[in-house]
Number of protein chains: 2
Amino acid sequence: MNSAEFALDPRLAADTRLVVSLSLCDVLLTDDARYAWLVLVPRRRAMTEVTELSDQDQATLWREMSHVAVALRAAVPCEKINIGALGNIVRQLHVHVIARNTGDAAWPGPVWGHGKATAYASSRREALIAQLRKMLTT
Amino acid sequence: MNSAEFALDPRLAADTRLVVSLSLCDVLLTDDARYAWLVLVPRRRAMTEVTELSDQDQATLWREMSHVAVALRAAVPCEKINIGALGNIVRQLHVHVIARNTGDAAWPGPVWGHGKATAYASSRREALIAQLRKMLTT
């Protein structure tokens, strides 16, 4: 695997902003103010399933996911964290980590495919990215 | 944590059948013939989030999940594996591993909350459980 050949799927790129690059994954904020919604993308080429990663990369992915989930909950108080790796539409391997609360737009259902995204006000988005970046790099 | 105090949530118990008990997780087959749908439940008491598990238990959970995903794909040819830990309704920590195919009942959306389950014919269910049990114990 050559991470130098990694390129983010254009649909993920269009819907998200980079928060931080961890040792394996880029952590992205989905531009949807309805939920605080992060996506981890391992910088590995042509991966679709978690099980295609090496054992070591899988272990790193889940450690980074856990780190991201703890940071997200600290930044955005929430009732439940939702984790998902679906990839039915965008096949590039990616893992969602989403802060959920009773009464949010899709509650108690899953967020994927539910209605249309509501873009953040740019000041709010940049503040959240800065807060998460700080939490994930210290 | 005392796994002796573990009890499966009654809603999970009502919707599933036990396939096998791995070192950490019980692996359950959801009684819904629309998708081949497994659920891993760590035998730990009062856990809601993956991040509440010890680091060692988290590592075991993801190893067992990967093992289950590989077995499921071998038993049931599929286009994509979906993995999810939501828990918005049933709070007991559980991880879904689901075989998905173009044209299945919820494709390309998520399965959670989509329509009503279609119970397996009992002979088909028992054959699938036996096949998965064999793959997960050898």
# chains A, B, ... in the order shown; residues from 1 in each chain; ligands from 1
call {"tool": "calpha_fit_and_write", "arguments": {"fixed": "chain B", "moving": "chain A", "output": "short mmCIF file (atom, residue, chain, number, x, y, z; two decimals) with N, CA, C and O atoms, in the first residue's frame"}}
result
data_model
loop_
_atom_site.label_atom_id
_atom_site.label_comp_id
_atom_site.auth_asym_id
_atom_site.auth_seq_id
_atom_site.Cartn_x
_atom_site.Cartn_y
_atom_site.Cartn_z
N MET A 1 -15.64 -4.67 35.69
CA MET A 1 -16.71 -5.22 34.87
C MET A 1 -16.87 -6.70 35.18
O MET A 1 -15.89 -7.43 35.29
N ASN A 2 -18.08 -7.12 35.28
CA ASN A 2 -18.34 -8.51 35.63
C ASN A 2 -19.26 -9.10 34.57
O ASN A 2 -20.46 -8.82 34.54
N SER A 3 -18.68 -9.92 33.72
CA SER A 3 -19.48 -10.45 32.62
C SER A 3 -20.55 -11.41 33.14
O SER A 3 -21.52 -11.69 32.45
N ALA A 4 -20.39 -11.89 34.37
CA ALA A 4 -21.42 -12.76 34.95
C ALA A 4 -22.74 -12.01 35.11
O ALA A 4 -23.81 -12.63 35.15
N GLU A 5 -22.67 -10.70 35.20
CA GLU A 5 -23.89 -9.90 35.35
C GLU A 5 -24.48 -9.50 34.00
O GLU A 5 -25.48 -8.80 33.95
N PHE A 6 -23.82 -9.92 32.93
CA PHE A 6 -24.31 -9.55 31.60
C PHE A 6 -25.67 -10.18 31.32
O PHE A 6 -25.88 -11.36 31.59
N ALA A 7 -26.57 -9.40 30.76
CA ALA A 7 -27.86 -9.95 30.30
C ALA A 7 -28.19 -9.26 28.99
O ALA A 7 -28.10 -8.03 28.88
N LEU A 8 -28.56 -10.04 28.00
CA LEU A 8 -28.89 -9.48 26.69
C LEU A 8 -30.18 -8.66 26.78
O LEU A 8 -31.17 -9.11 27.37
N ASP A 9 -30.15 -7.46 26.17
CA ASP A 9 -31.35 -6.62 26.11
C ASP A 9 -32.51 -7.44 25.52
O ASP A 9 -32.35 -8.12 24.51
N PRO A 10 -33.70 -7.38 26.13
CA PRO A 10 -34.81 -8.21 25.65
C PRO A 10 -35.22 -7.92 24.21
O PRO A 10 -35.72 -8.81 23.52
N ARG A 11 -35.01 -6.67 23.73
CA ARG A 11 -35.37 -6.38 22.33
C ARG A 11 -34.39 -7.06 21.37
O ARG A 11 -34.79 -7.58 20.33
N LEU A 12 -33.11 -7.07 21.74
CA LEU A 12 -32.15 -7.82 20.92
C LEU A 12 -32.47 -9.32 20.99
O LEU A 12 -32.41 -10.02 19.97
N ALA A 13 -32.78 -9.79 22.17
CA ALA A 13 -33.08 -11.22 22.32
C ALA A 13 -34.28 -11.63 21.46
O ALA A 13 -34.29 -12.70 20.85
N ALA A 14 -35.29 -10.74 21.39
CA ALA A 14 -36.51 -11.07 20.65
C ALA A 14 -36.28 -11.12 19.15
O ALA A 14 -36.97 -11.86 18.43
N ASP A 15 -35.33 -10.33 18.66
CA ASP A 15 -35.15 -10.18 17.21
C ASP A 15 -34.04 -11.06 16.63
O ASP A 15 -33.79 -11.00 15.42
N THR A 16 -33.35 -11.81 17.47
CA THR A 16 -32.14 -12.50 17.01
C THR A 16 -32.08 -13.94 17.53
O THR A 16 -32.82 -14.31 18.43
N ARG A 17 -31.14 -14.70 16.97
CA ARG A 17 -30.79 -16.03 17.47
C ARG A 17 -29.28 -16.08 17.67
O ARG A 17 -28.54 -15.53 16.85
N LEU A 18 -28.85 -16.77 18.70
CA LEU A 18 -27.41 -16.88 18.98
C LEU A 18 -26.74 -17.76 17.93
O LEU A 18 -27.19 -18.87 17.65
N VAL A 19 -25.65 -17.23 17.37
CA VAL A 19 -24.82 -18.03 16.46
C VAL A 19 -23.71 -18.69 17.26
O VAL A 19 -23.52 -19.91 17.22
N VAL A 20 -22.95 -17.86 17.98
CA VAL A 20 -21.79 -18.38 18.71
C VAL A 20 -21.35 -17.34 19.73
O VAL A 20 -21.58 -16.14 19.55
N SER A 21 -20.72 -17.82 20.80
CA SER A 21 -20.10 -16.91 21.76
C SER A 21 -18.60 -16.91 21.53
O SER A 21 -17.94 -17.95 21.69
N LEU A 22 -18.06 -15.75 21.14
CA LEU A 22 -16.60 -15.60 21.00
C LEU A 22 -16.04 -15.17 22.36
O LEU A 22 -16.76 -15.13 23.35
N SER A 23 -14.76 -14.85 22.41
CA SER A 23 -14.17 -14.61 23.74
C SER A 23 -14.79 -13.39 24.42
O SER A 23 -15.00 -13.39 25.63
N LEU A 24 -15.11 -12.35 23.66
CA LEU A 24 -15.77 -11.18 24.25
C LEU A 24 -17.25 -11.10 23.90
O LEU A 24 -18.08 -10.76 24.74
N CYS A 25 -17.57 -11.35 22.63
CA CYS A 25 -18.91 -11.04 22.12
C CYS A 25 -19.76 -12.28 21.88
O CYS A 25 -19.26 -13.29 21.39
N ASP A 26 -21.04 -12.13 22.14
CA ASP A 26 -22.03 -13.04 21.57
C ASP A 26 -22.32 -12.56 20.15
O ASP A 26 -22.49 -11.34 19.92
N VAL A 27 -22.36 -13.49 19.21
CA VAL A 27 -22.68 -13.16 17.81
C VAL A 27 -24.09 -13.66 17.54
O VAL A 27 -24.38 -14.84 17.72
N LEU A 28 -24.96 -12.75 17.12
CA LEU A 28 -26.38 -13.03 16.94
C LEU A 28 -26.77 -12.86 15.48
O LEU A 28 -26.25 -11.96 14.81
N LEU A 29 -27.66 -13.70 15.00
CA LEU A 29 -28.24 -13.51 13.67
C LEU A 29 -29.60 -12.83 13.82
O LEU A 29 -30.48 -13.35 14.52
N THR A 30 -29.76 -11.69 13.16
CA THR A 30 -31.06 -11.01 13.15
C THR A 30 -32.03 -11.82 12.30
O THR A 30 -31.69 -12.24 11.19
N ASP A 31 -33.22 -12.04 12.83
CA ASP A 31 -34.20 -12.86 12.12
C ASP A 31 -34.91 -12.01 11.07
O ASP A 31 -36.09 -11.68 11.19
N ASP A 32 -34.16 -11.66 10.03
CA ASP A 32 -34.67 -10.82 8.95
C ASP A 32 -34.03 -11.31 7.65
O ASP A 32 -32.86 -11.02 7.37
N ALA A 33 -34.82 -12.03 6.89
CA ALA A 33 -34.29 -12.68 5.68
C ALA A 33 -33.98 -11.69 4.56
O ALA A 33 -33.41 -12.06 3.54
N ARG A 34 -34.32 -10.40 4.75
CA ARG A 34 -34.05 -9.41 3.71
C ARG A 34 -32.55 -9.16 3.54
O ARG A 34 -32.09 -8.74 2.47
N TYR A 35 -31.80 -9.35 4.65
CA TYR A 35 -30.35 -9.15 4.62
C TYR A 35 -29.73 -10.19 5.54
O TYR A 35 -30.34 -10.57 6.54
N ALA A 36 -28.51 -10.62 5.25
CA ALA A 36 -27.76 -11.43 6.23
C ALA A 36 -27.15 -10.44 7.21
O ALA A 36 -26.30 -9.62 6.83
N TRP A 37 -27.60 -10.47 8.45
CA TRP A 37 -27.40 -9.38 9.40
C TRP A 37 -27.00 -9.95 10.75
O TRP A 37 -27.82 -10.57 11.42
N LEU A 38 -25.74 -9.74 11.09
CA LEU A 38 -25.22 -10.23 12.38
C LEU A 38 -25.04 -9.06 13.34
O LEU A 38 -24.87 -7.91 12.93
N VAL A 39 -25.09 -9.38 14.62
CA VAL A 39 -24.91 -8.38 15.68
C VAL A 39 -23.94 -8.95 16.70
O VAL A 39 -24.11 -10.09 17.15
N LEU A 40 -22.91 -8.18 17.03
CA LEU A 40 -21.97 -8.56 18.09
C LEU A 40 -22.32 -7.80 19.36
O LEU A 40 -22.44 -6.57 19.32
N VAL A 41 -22.44 -8.52 20.45
CA VAL A 41 -22.74 -7.90 21.74
C VAL A 41 -21.66 -8.27 22.74
O VAL A 41 -21.57 -9.45 23.14
N PRO A 42 -20.80 -7.32 23.13
CA PRO A 42 -19.80 -7.63 24.16
C PRO A 42 -20.50 -8.04 25.46
O PRO A 42 -21.45 -7.37 25.88
N ARG A 43 -20.05 -9.12 26.06
CA ARG A 43 -20.67 -9.57 27.31
C ARG A 43 -20.11 -8.75 28.48
O ARG A 43 -19.36 -9.24 29.32
N ARG A 44 -20.46 -7.48 28.46
CA ARG A 44 -20.07 -6.55 29.52
C ARG A 44 -21.33 -5.83 29.97
O ARG A 44 -22.20 -5.51 29.16
N ARG A 45 -21.37 -5.54 31.25
CA ARG A 45 -22.57 -4.98 31.84
C ARG A 45 -22.63 -3.46 31.64
O ARG A 45 -21.61 -2.78 31.79
N ALA A 46 -23.80 -2.94 31.31
CA ALA A 46 -24.06 -1.50 31.36
C ALA A 46 -23.11 -0.68 30.49
O ALA A 46 -22.62 0.37 30.90
N MET A 47 -22.82 -1.19 29.30
CA MET A 47 -21.99 -0.45 28.36
C MET A 47 -22.88 0.09 27.25
O MET A 47 -23.74 -0.64 26.73
N THR A 48 -22.65 1.34 26.89
CA THR A 48 -23.46 1.98 25.85
C THR A 48 -22.60 2.37 24.64
O THR A 48 -23.02 2.26 23.50
N GLU A 49 -21.40 2.87 24.94
CA GLU A 49 -20.51 3.34 23.87
C GLU A 49 -19.28 2.42 23.79
O GLU A 49 -18.79 1.94 24.81
N VAL A 50 -18.79 2.24 22.57
CA VAL A 50 -17.55 1.47 22.38
C VAL A 50 -16.44 2.02 23.27
O VAL A 50 -15.64 1.27 23.84
N THR A 51 -16.41 3.34 23.41
CA THR A 51 -15.31 3.97 24.15
C THR A 51 -15.41 3.74 25.66
O THR A 51 -14.48 4.10 26.39
N GLU A 52 -16.49 3.15 26.14
CA GLU A 52 -16.56 2.77 27.57
C GLU A 52 -15.84 1.45 27.84
O GLU A 52 -15.54 1.15 29.00
N LEU A 53 -15.63 0.68 26.82
CA LEU A 53 -14.87 -0.57 26.99
C LEU A 53 -13.41 -0.24 27.29
O LEU A 53 -12.90 0.80 26.86
N SER A 54 -12.72 -1.13 28.00
CA SER A 54 -11.28 -0.98 28.19
C SER A 54 -10.58 -1.03 26.83
O SER A 54 -11.14 -1.54 25.84
N ASP A 55 -9.37 -0.51 26.77
CA ASP A 55 -8.61 -0.55 25.51
C ASP A 55 -8.49 -1.99 25.01
O ASP A 55 -8.61 -2.26 23.80
N GLN A 56 -8.24 -2.90 25.95
CA GLN A 56 -8.08 -4.31 25.55
C GLN A 56 -9.39 -4.87 24.99
O GLN A 56 -9.39 -5.56 23.96
N ASP A 57 -10.50 -4.55 25.64
CA ASP A 57 -11.80 -5.02 25.13
C ASP A 57 -12.13 -4.38 23.78
O ASP A 57 -12.71 -5.04 22.90
N GLN A 58 -11.79 -3.12 23.61
CA GLN A 58 -12.04 -2.49 22.30
C GLN A 58 -11.26 -3.23 21.21
O GLN A 58 -11.80 -3.52 20.13
N ALA A 59 -10.00 -3.53 21.49
CA ALA A 59 -9.19 -4.23 20.49
C ALA A 59 -9.79 -5.61 20.18
O ALA A 59 -9.84 -6.03 19.02
N THR A 60 -10.26 -6.30 21.23
CA THR A 60 -10.88 -7.62 21.01
C THR A 60 -12.17 -7.48 20.21
O THR A 60 -12.43 -8.27 19.28
N LEU A 61 -12.98 -6.48 20.54
CA LEU A 61 -14.23 -6.26 19.80
C LEU A 61 -13.96 -6.10 18.31
O LEU A 61 -14.61 -6.74 17.47
N TRP A 62 -12.97 -5.26 17.97
CA TRP A 62 -12.75 -5.01 16.54
C TRP A 62 -12.14 -6.21 15.85
O TRP A 62 -12.44 -6.48 14.67
N ARG A 63 -11.30 -6.99 16.58
CA ARG A 63 -10.78 -8.23 15.97
C ARG A 63 -11.93 -9.21 15.73
O ARG A 63 -12.00 -9.84 14.66
N GLU A 64 -12.83 -9.34 16.69
CA GLU A 64 -13.96 -10.26 16.52
C GLU A 64 -14.89 -9.75 15.41
O GLU A 64 -15.41 -10.54 14.61
N MET A 65 -15.07 -8.45 15.33
CA MET A 65 -15.91 -7.88 14.27
C MET A 65 -15.32 -8.20 12.90
O MET A 65 -16.05 -8.58 11.97
N SER A 66 -14.02 -8.05 12.77
CA SER A 66 -13.36 -8.34 11.50
C SER A 66 -13.51 -9.82 11.13
O SER A 66 -13.81 -10.16 9.98
N HIS A 67 -13.33 -10.68 12.11
CA HIS A 67 -13.49 -12.12 11.92
C HIS A 67 -14.91 -12.43 11.44
O HIS A 67 -15.12 -13.20 10.48
N VAL A 68 -15.88 -11.82 12.08
CA VAL A 68 -17.29 -12.02 11.72
C VAL A 68 -17.58 -11.49 10.32
O VAL A 68 -18.27 -12.13 9.52
N ALA A 69 -17.01 -10.34 9.98
CA ALA A 69 -17.25 -9.76 8.65
C ALA A 69 -16.70 -10.66 7.55
O ALA A 69 -17.34 -10.85 6.51
N VAL A 70 -15.52 -11.21 7.78
CA VAL A 70 -14.91 -12.10 6.78
C VAL A 70 -15.74 -13.38 6.63
O VAL A 70 -16.00 -13.84 5.51
N ALA A 71 -16.20 -13.92 7.76
CA ALA A 71 -17.02 -15.14 7.71
C ALA A 71 -18.35 -14.87 7.01
O ALA A 71 -18.82 -15.67 6.19
N LEU A 72 -18.95 -13.73 7.31
CA LEU A 72 -20.25 -13.40 6.71
C LEU A 72 -20.12 -13.28 5.20
O LEU A 72 -20.95 -13.80 4.45
N ARG A 73 -19.06 -12.61 4.76
CA ARG A 73 -18.88 -12.44 3.32
C ARG A 73 -18.64 -13.79 2.64
O ARG A 73 -19.07 -14.00 1.49
N ALA A 74 -17.96 -14.69 3.33
CA ALA A 74 -17.70 -16.02 2.76
C ALA A 74 -18.99 -16.85 2.71
O ALA A 74 -19.21 -17.62 1.77
N ALA A 75 -19.85 -16.67 3.72
CA ALA A 75 -21.08 -17.46 3.79
C ALA A 75 -22.14 -16.92 2.84
O ALA A 75 -22.95 -17.68 2.29
N VAL A 76 -22.17 -15.61 2.68
CA VAL A 76 -23.23 -14.93 1.92
C VAL A 76 -22.57 -13.95 0.96
O VAL A 76 -22.21 -12.85 1.36
N PRO A 77 -22.39 -14.34 -0.28
CA PRO A 77 -21.74 -13.42 -1.21
C PRO A 77 -22.45 -12.08 -1.20
O PRO A 77 -23.69 -12.02 -1.21
N CYS A 78 -21.69 -11.00 -1.15
CA CYS A 78 -22.31 -9.69 -1.06
C CYS A 78 -21.40 -8.65 -1.69
O CYS A 78 -20.22 -8.87 -1.91
N GLU A 79 -22.01 -7.52 -1.96
CA GLU A 79 -21.32 -6.44 -2.63
C GLU A 79 -20.59 -5.56 -1.62
O GLU A 79 -19.52 -5.01 -1.91
N LYS A 80 -21.17 -5.42 -0.43
CA LYS A 80 -20.62 -4.49 0.55
C LYS A 80 -21.00 -4.97 1.94
O LYS A 80 -22.12 -5.43 2.14
N ILE A 81 -20.07 -4.84 2.86
CA ILE A 81 -20.37 -5.07 4.28
C ILE A 81 -20.67 -3.71 4.90
O ILE A 81 -19.93 -2.75 4.69
N ASN A 82 -21.76 -3.62 5.65
CA ASN A 82 -22.06 -2.42 6.44
C ASN A 82 -21.79 -2.72 7.90
O ASN A 82 -22.24 -3.75 8.42
N ILE A 83 -21.10 -1.81 8.55
CA ILE A 83 -20.80 -1.93 9.98
C ILE A 83 -21.42 -0.73 10.68
O ILE A 83 -21.31 0.40 10.19
N GLY A 84 -22.07 -0.96 11.80
CA GLY A 84 -22.64 0.17 12.52
C GLY A 84 -22.76 -0.10 14.01
O GLY A 84 -23.08 -1.22 14.42
N ALA A 85 -22.50 0.93 14.79
CA ALA A 85 -22.78 0.90 16.23
C ALA A 85 -23.59 2.17 16.49
O ALA A 85 -23.02 3.27 16.54
N LEU A 86 -24.91 2.03 16.61
CA LEU A 86 -25.77 3.21 16.74
C LEU A 86 -26.30 3.29 18.17
O LEU A 86 -25.88 4.12 18.95
N GLY A 87 -27.25 2.43 18.52
CA GLY A 87 -27.71 2.39 19.91
C GLY A 87 -28.64 3.53 20.28
O GLY A 87 -28.79 3.84 21.46
N ASN A 88 -29.27 4.17 19.29
CA ASN A 88 -30.20 5.25 19.61
C ASN A 88 -31.46 4.72 20.28
O ASN A 88 -32.08 5.42 21.09
N ILE A 89 -31.83 3.50 19.96
CA ILE A 89 -33.05 2.91 20.53
C ILE A 89 -32.67 1.87 21.60
O ILE A 89 -33.01 2.03 22.76
N VAL A 90 -31.96 0.83 21.20
CA VAL A 90 -31.47 -0.16 22.17
C VAL A 90 -30.08 0.30 22.62
O VAL A 90 -29.14 0.31 21.83
N ARG A 91 -29.98 0.68 23.89
CA ARG A 91 -28.73 1.29 24.37
C ARG A 91 -27.63 0.29 24.69
O ARG A 91 -26.46 0.67 24.77
N GLN A 92 -27.97 -0.95 24.92
CA GLN A 92 -26.90 -1.92 25.20
C GLN A 92 -25.92 -1.94 24.01
O GLN A 92 -26.34 -2.09 22.87
N LEU A 93 -24.63 -1.85 24.34
CA LEU A 93 -23.62 -1.78 23.28
C LEU A 93 -23.71 -2.98 22.35
O LEU A 93 -23.65 -4.13 22.80
N HIS A 94 -23.84 -2.71 21.06
CA HIS A 94 -23.89 -3.78 20.06
C HIS A 94 -23.41 -3.23 18.73
O HIS A 94 -23.59 -2.04 18.44
N VAL A 95 -22.80 -4.09 17.94
CA VAL A 95 -22.23 -3.70 16.65
C VAL A 95 -22.85 -4.57 15.56
O VAL A 95 -22.81 -5.79 15.64
N HIS A 96 -23.41 -3.90 14.56
CA HIS A 96 -24.05 -4.60 13.44
C HIS A 96 -23.01 -4.89 12.34
O HIS A 96 -22.19 -4.03 12.02
N VAL A 97 -23.12 -6.05 11.73
CA VAL A 97 -22.32 -6.41 10.56
C VAL A 97 -23.29 -7.02 9.56
O VAL A 97 -23.86 -8.09 9.80
N ILE A 98 -23.49 -6.34 8.44
CA ILE A 98 -24.60 -6.66 7.54
C ILE A 98 -24.09 -6.82 6.12
O ILE A 98 -23.34 -5.97 5.62
N ALA A 99 -24.53 -7.89 5.47
CA ALA A 99 -24.17 -8.13 4.06
C ALA A 99 -25.17 -7.40 3.18
O ALA A 99 -26.37 -7.63 3.28
N ARG A 100 -24.68 -6.52 2.31
CA ARG A 100 -25.56 -5.70 1.47
C ARG A 100 -25.32 -5.99 -0.02
O ARG A 100 -24.20 -6.29 -0.42
N ASN A 101 -26.38 -5.86 -0.79
CA ASN A 101 -26.30 -6.05 -2.22
C ASN A 101 -27.19 -5.04 -2.94
O ASN A 101 -28.26 -4.68 -2.42
N THR A 102 -26.76 -4.64 -4.12
CA THR A 102 -27.59 -3.78 -4.96
C THR A 102 -28.97 -4.41 -5.10
O THR A 102 -29.09 -5.59 -5.39
N GLY A 103 -29.99 -3.61 -4.85
CA GLY A 103 -31.36 -4.09 -5.00
C GLY A 103 -31.95 -4.72 -3.75
O GLY A 103 -33.12 -5.10 -3.76
N ASP A 104 -31.16 -4.81 -2.66
CA ASP A 104 -31.80 -5.34 -1.44
C ASP A 104 -32.80 -4.31 -0.92
O ASP A 104 -32.90 -3.19 -1.42
N ALA A 105 -33.58 -4.69 0.09
CA ALA A 105 -34.76 -3.91 0.47
C ALA A 105 -34.46 -2.45 0.78
O ALA A 105 -35.30 -1.57 0.51
N ALA A 106 -33.29 -2.15 1.31
CA ALA A 106 -32.99 -0.78 1.71
C ALA A 106 -31.92 -0.12 0.84
O ALA A 106 -31.59 1.05 1.05
N TRP A 107 -31.39 -0.85 -0.11
CA TRP A 107 -30.27 -0.35 -0.91
C TRP A 107 -30.56 0.97 -1.59
O TRP A 107 -31.64 1.09 -2.13
N PRO A 108 -29.65 1.96 -1.64
CA PRO A 108 -28.32 1.96 -1.01
C PRO A 108 -28.35 2.58 0.38
O PRO A 108 -27.31 2.88 0.92
N GLY A 109 -29.53 2.75 0.94
CA GLY A 109 -29.64 3.36 2.26
C GLY A 109 -29.29 2.37 3.36
O GLY A 109 -29.06 1.18 3.11
N PRO A 110 -29.26 2.86 4.60
CA PRO A 110 -28.99 1.97 5.73
C PRO A 110 -30.19 1.09 6.03
O PRO A 110 -31.33 1.44 5.70
N VAL A 111 -29.97 -0.04 6.66
CA VAL A 111 -31.06 -0.98 6.95
C VAL A 111 -31.86 -0.58 8.19
O VAL A 111 -33.03 -0.95 8.31
N TRP A 112 -31.23 0.19 9.09
CA TRP A 112 -31.87 0.44 10.38
C TRP A 112 -33.13 1.30 10.19
O TRP A 112 -33.08 2.36 9.56
N GLY A 113 -34.24 0.81 10.73
CA GLY A 113 -35.49 1.54 10.64
C GLY A 113 -36.18 1.44 9.30
O GLY A 113 -37.18 2.11 9.07
N HIS A 114 -35.67 0.59 8.41
CA HIS A 114 -36.25 0.49 7.07
C HIS A 114 -37.26 -0.65 7.02
O HIS A 114 -36.89 -1.83 6.99
N GLY A 115 -38.53 -0.32 6.95
CA GLY A 115 -39.57 -1.33 6.75
C GLY A 115 -39.62 -2.37 7.86
O GLY A 115 -39.13 -2.14 8.97
N LYS A 116 -40.24 -3.47 7.57
CA LYS A 116 -40.44 -4.52 8.58
C LYS A 116 -39.63 -5.76 8.24
O LYS A 116 -39.48 -6.12 7.07
N ALA A 117 -39.16 -6.40 9.29
CA ALA A 117 -38.38 -7.63 9.11
C ALA A 117 -39.23 -8.72 8.48
O ALA A 117 -40.44 -8.80 8.71
N THR A 118 -38.59 -9.54 7.67
CA THR A 118 -39.21 -10.73 7.10
C THR A 118 -38.53 -11.93 7.73
O THR A 118 -37.34 -12.16 7.48
N ALA A 119 -39.25 -12.67 8.56
CA ALA A 119 -38.61 -13.79 9.27
C ALA A 119 -38.10 -14.83 8.27
O ALA A 119 -38.70 -15.04 7.21
N TYR A 120 -36.98 -15.47 8.62
CA TYR A 120 -36.48 -16.59 7.82
C TYR A 120 -37.43 -17.78 7.92
O TYR A 120 -38.08 -17.99 8.96
N ALA A 121 -37.46 -18.57 6.88
CA ALA A 121 -37.97 -19.94 7.04
C ALA A 121 -37.02 -20.63 8.02
O ALA A 121 -35.80 -20.44 7.95
N SER A 122 -37.58 -21.42 8.95
CA SER A 122 -36.71 -21.92 10.03
C SER A 122 -35.59 -22.80 9.49
O SER A 122 -34.48 -22.78 10.02
N SER A 123 -35.83 -23.54 8.44
CA SER A 123 -34.77 -24.41 7.90
C SER A 123 -33.62 -23.58 7.35
O SER A 123 -32.44 -23.90 7.54
N ARG A 124 -33.96 -22.49 6.67
CA ARG A 124 -32.93 -21.60 6.12
C ARG A 124 -32.14 -20.94 7.25
O ARG A 124 -30.93 -20.83 7.20
N ARG A 125 -32.87 -20.48 8.27
CA ARG A 125 -32.21 -19.82 9.40
C ARG A 125 -31.24 -20.78 10.10
O ARG A 125 -30.10 -20.43 10.38
N GLU A 126 -31.71 -22.00 10.35
CA GLU A 126 -30.85 -22.95 11.07
C GLU A 126 -29.64 -23.33 10.23
O GLU A 126 -28.53 -23.51 10.76
N ALA A 127 -29.81 -23.44 8.93
CA ALA A 127 -28.68 -23.78 8.05
C ALA A 127 -27.65 -22.66 8.05
O ALA A 127 -26.43 -22.92 8.10
N LEU A 128 -28.12 -21.41 8.01
CA LEU A 128 -27.20 -20.27 8.00
C LEU A 128 -26.46 -20.18 9.33
O LEU A 128 -25.25 -19.94 9.38
N ILE A 129 -27.18 -20.37 10.43
CA ILE A 129 -26.55 -20.35 11.75
C ILE A 129 -25.48 -21.44 11.84
O ILE A 129 -24.36 -21.19 12.30
N ALA A 130 -25.81 -22.64 11.37
CA ALA A 130 -24.85 -23.74 11.45
C ALA A 130 -23.60 -23.44 10.62
O ALA A 130 -22.46 -23.69 11.05
N GLN A 131 -23.82 -22.87 9.44
CA GLN A 131 -22.69 -22.54 8.56
C GLN A 131 -21.80 -21.48 9.19
O GLN A 131 -20.57 -21.61 9.22
N LEU A 132 -22.42 -20.44 9.72
CA LEU A 132 -21.64 -19.35 10.34
C LEU A 132 -20.94 -19.85 11.61
O LEU A 132 -19.78 -19.49 11.86
N ARG A 133 -21.63 -20.66 12.38
CA ARG A 133 -21.01 -21.17 13.62
C ARG A 133 -19.76 -21.97 13.29
O ARG A 133 -18.72 -21.82 13.94
N LYS A 134 -19.85 -22.79 12.26
CA LYS A 134 -18.70 -23.60 11.86
C LYS A 134 -17.54 -22.70 11.43
O LYS A 134 -16.38 -22.91 11.80
N MET A 135 -17.85 -21.67 10.65
CA MET A 135 -16.80 -20.78 10.16
C MET A 135 -16.17 -19.97 11.29
O MET A 135 -15.00 -19.60 11.21
N LEU A 136 -16.93 -19.68 12.32
CA LEU A 136 -16.43 -18.82 13.40
C LEU A 136 -15.78 -19.60 14.53
O LEU A 136 -15.25 -19.00 15.47
N THR A 137 -15.81 -20.92 14.43
CA THR A 137 -15.23 -21.70 15.52
C THR A 137 -14.12 -22.61 15.03
O THR A 137 -13.57 -23.38 15.81
N THR A 138 -13.78 -22.55 13.76
CA THR A 138 -12.68 -23.37 13.26
C THR A 138 -11.57 -22.48 12.72
O THR A 138 -11.73 -21.29 12.57
#
call {"tool": "select_by_dssp", "arguments": {"residues": "chain B", "states": "alpha helix (DSSP H)", "output": "PyMOL selection string"}}
result
chain B and resi 10-15+55-75+122-137
call {"tool": "select_by_dssp", "arguments": {"residues": "chain B", "states": "strand (DSSP E or B)", "output": "number ranges by chain"}}
result
B: 16-21, 25-30, 36-42, 80-85, 95-100
call {"tool": "decode", "arguments": {"residues": "stretch 99-106 of chain A", "atoms": "N, CA and C atoms", "output": "PDB file, in the first residue's frame"}}
result
ATOM      1  N   ALA A  99     -22.359  12.744  16.453  1.00  0.00           N
ATOM      2  CA  ALA A  99     -22.977  13.069  17.748  1.00  0.00           C
ATOM      3  C   ALA A  99     -24.479  13.169  17.557  1.00  0.00           C
ATOM      4  N   ARG A 100     -25.239  12.382  18.307  1.00  0.00           N
ATOM      5  CA  ARG A 100     -26.694  12.344  18.142  1.00  0.00           C
ATOM      6  C   ARG A 100     -27.405  12.787  19.426  1.00  0.00           C
ATOM      7  N   ASN A 101     -28.556  13.400  19.247  1.00  0.00           N
ATOM      8  CA  ASN A 101     -29.367  13.832  20.371  1.00  0.00           C
ATOM      9  C   ASN A 101     -30.847  13.615  20.068  1.00  0.00           C
ATOM     10  N   THR A 102     -31.602  13.315  21.116  1.00  0.00           N
ATOM     11  CA  THR A 102     -33.051  13.218  20.973  1.00  0.00           C
ATOM     12  C   THR A 102     -33.571  14.481  20.299  1.00  0.00           C
ATOM     13  N   GLY A 103     -34.372  14.295  19.263  1.00  0.00           N
ATOM     14  CA  GLY A 103     -34.966  15.437  18.576  1.00  0.00           C
ATOM     15  C   GLY A 103     -34.136  15.983  17.429  1.00  0.00           C
ATOM     16  N   ASP A 104     -32.932  15.408  17.191  1.00  0.00           N
ATOM     17  CA  ASP A 104     -32.200  15.900  16.011  1.00  0.00           C
ATOM     18  C   ASP A 104     -32.930  15.460  14.745  1.00  0.00           C
ATOM     19  N   ALA A 105     -32.489  15.952  13.599  1.00  0.00           N
ATOM     20  CA  ALA A 105     -33.285  15.831  12.366  1.00  0.00           C
ATOM     21  C   ALA A 105     -33.668  14.398  12.019  1.00  0.00           C
ATOM     22  N   ALA A 106     -32.835  13.432  12.350  1.00  0.00           N
ATOM     23  CA  ALA A 106     -33.111  12.045  11.954  1.00  0.00           C
ATOM     24  C   ALA A 106     -33.450  11.140  13.142  1.00  0.00           C
TER      25      ALA A 106
END
